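This is run-v6.pdb. It holds PDB, C-alpha atoms.
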```
ATOM      1  CA  MET A   3      19.379   5.228  31.463
ATOM      2  CA  ILE A   4      22.021   5.675  28.802
ATOM      3  CA  LEU A   5      21.089   5.764  25.135
ATOM      4  CA  ARG A   6      23.991   5.298  22.748
ATOM      5  CA  TYR A   7      24.100   6.344  19.123
ATOM      6  CA  ASP A   8      26.915   4.957  16.988
ATOM      7  CA  ARG A   9      27.150   8.022  14.767
ATOM      8  CA  LEU A  10      28.427  11.553  15.041
ATOM      9  CA  ALA A  11      25.953  14.297  15.868
ATOM     10  CA  VAL A  12      27.673  16.546  13.315
ATOM     11  CA  GLU A  13      29.647  15.356  10.323
ATOM     12  CA  LEU A  14      33.153  16.795  10.540
ATOM     13  CA  PRO A  15      35.326  17.458   7.502
ATOM     14  CA  LYS A  16      38.580  15.530   7.120
ATOM     15  CA  PRO A  17      41.645  17.682   7.913
ATOM     16  CA  LYS A  18      43.814  18.550   4.923
ATOM     17  CA  ASN A  19      47.093  18.465   6.876
ATOM     18  CA  PRO A  20      46.593  16.242   9.967
ATOM     19  CA  SER A  21      49.022  16.961  12.778
ATOM     20  CA  PRO A  22      49.518  15.036  16.036
ATOM     21  CA  ASN A  23      50.217  18.322  17.832
ATOM     22  CA  ASP A  24      46.920  19.792  16.664
ATOM     23  CA  ALA A  25      45.086  16.630  17.724
ATOM     24  CA  ALA A  26      46.725  16.800  21.173
ATOM     25  CA  ALA A  27      45.650  20.446  21.552
ATOM     26  CA  ILE A  28      42.027  19.610  20.729
ATOM     27  CA  GLN A  29      42.109  16.608  23.078
ATOM     28  CA  GLU A  30      43.406  18.832  25.876
ATOM     29  CA  LEU A  31      40.535  21.269  25.281
ATOM     30  CA  LEU A  32      38.095  18.368  25.684
ATOM     31  CA  GLY A  33      39.480  17.399  29.091
ATOM     32  CA  GLY A  34      42.782  15.705  28.418
ATOM     33  CA  LYS A  35      43.654  12.120  27.611
ATOM     34  CA  TYR A  36      41.512  10.676  30.410
ATOM     35  CA  GLY A  37      39.116  13.615  30.816
ATOM     36  CA  GLU A  38      35.797  11.808  30.455
ATOM     37  CA  MET A  39      36.736   8.902  32.714
ATOM     38  CA  SER A  40      38.194  11.112  35.436
ATOM     39  CA  THR A  41      35.069  13.282  35.402
ATOM     40  CA  LEU A  42      32.870  10.196  35.721
ATOM     41  CA  MET A  43      34.946   8.885  38.615
ATOM     42  CA  ASN A  44      34.892  12.275  40.385
ATOM     43  CA  TYR A  45      31.094  12.469  40.180
ATOM     44  CA  THR A  46      30.762   8.847  41.318
ATOM     45  CA  PHE A  47      33.110   9.376  44.257
ATOM     46  CA  GLN A  48      31.305  12.555  45.284
ATOM     47  CA  SER A  49      27.912  10.828  45.083
ATOM     48  CA  PHE A  50      29.129   8.226  47.621
ATOM     49  CA  ASN A  51      30.241  10.928  50.052
ATOM     50  CA  PHE A  52      27.740  10.639  52.917
ATOM     51  CA  ARG A  53      27.593  13.770  55.032
ATOM     52  CA  GLY A  54      24.465  14.135  57.033
ATOM     53  CA  VAL A  55      22.919  13.948  60.459
ATOM     54  CA  ILE A  56      21.981  10.321  59.938
ATOM     55  CA  GLY A  57      25.422   9.156  58.816
ATOM     56  CA  CYS A  58      26.458   6.133  56.853
ATOM     57  CA  GLY A  59      24.992   2.753  57.705
ATOM     58  CA  ARG A  60      22.022   3.923  59.756
ATOM     59  CA  SER A  61      18.416   3.617  58.768
ATOM     60  CA  MET A  62      16.748   6.707  57.341
ATOM     61  CA  THR A  63      13.462   5.977  59.138
TER
END
```
As structure tokens, how would this structure be written, given the file I've shared?
Amino acid sequence: MILRYDRLAVELPKPKNPSPNDAAAIQELLGGKYGEMSTLMNYTFQSFNFRGVIGCGRSMT
């Protein structure tokens, strides 16, 4: 189950001199432009990877 809060956990101060380069550096530290989505897709893909004695499509009983 996913519970979503539409507020920040910590209030951040506004930057005095905003810079696109600084924002890009912080974004890269957090996983890049598509970091969260690529991580989600990697975990999803790995969870569908069936490797076992039973194999895919056979009954587990």
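Coordinates place atom CA of A:Gln48 at a distance of 23.7 Å from atom CA of A:Leu31.
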One decimal, Å: what's the distance from atom CA of A:Lys16 over to atom CA of A:Met39, could you say? 26.5 Å
Box dimensions and centre (Å, one decimal) enclosing stretch 17-34 of chain A, axis-aligned, 8 Å extra per side, as lines of an AutoDock Vina configuration file:
```
center_x = 44.2
center_y = 18.2
center_z = 17.0
size_x = 28.1
size_y = 22.2
size_z = 40.2
```
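As for atom CA of A:Asp24 and atom CA of A:Tyr7, they are spaced 26.6 Å apart.
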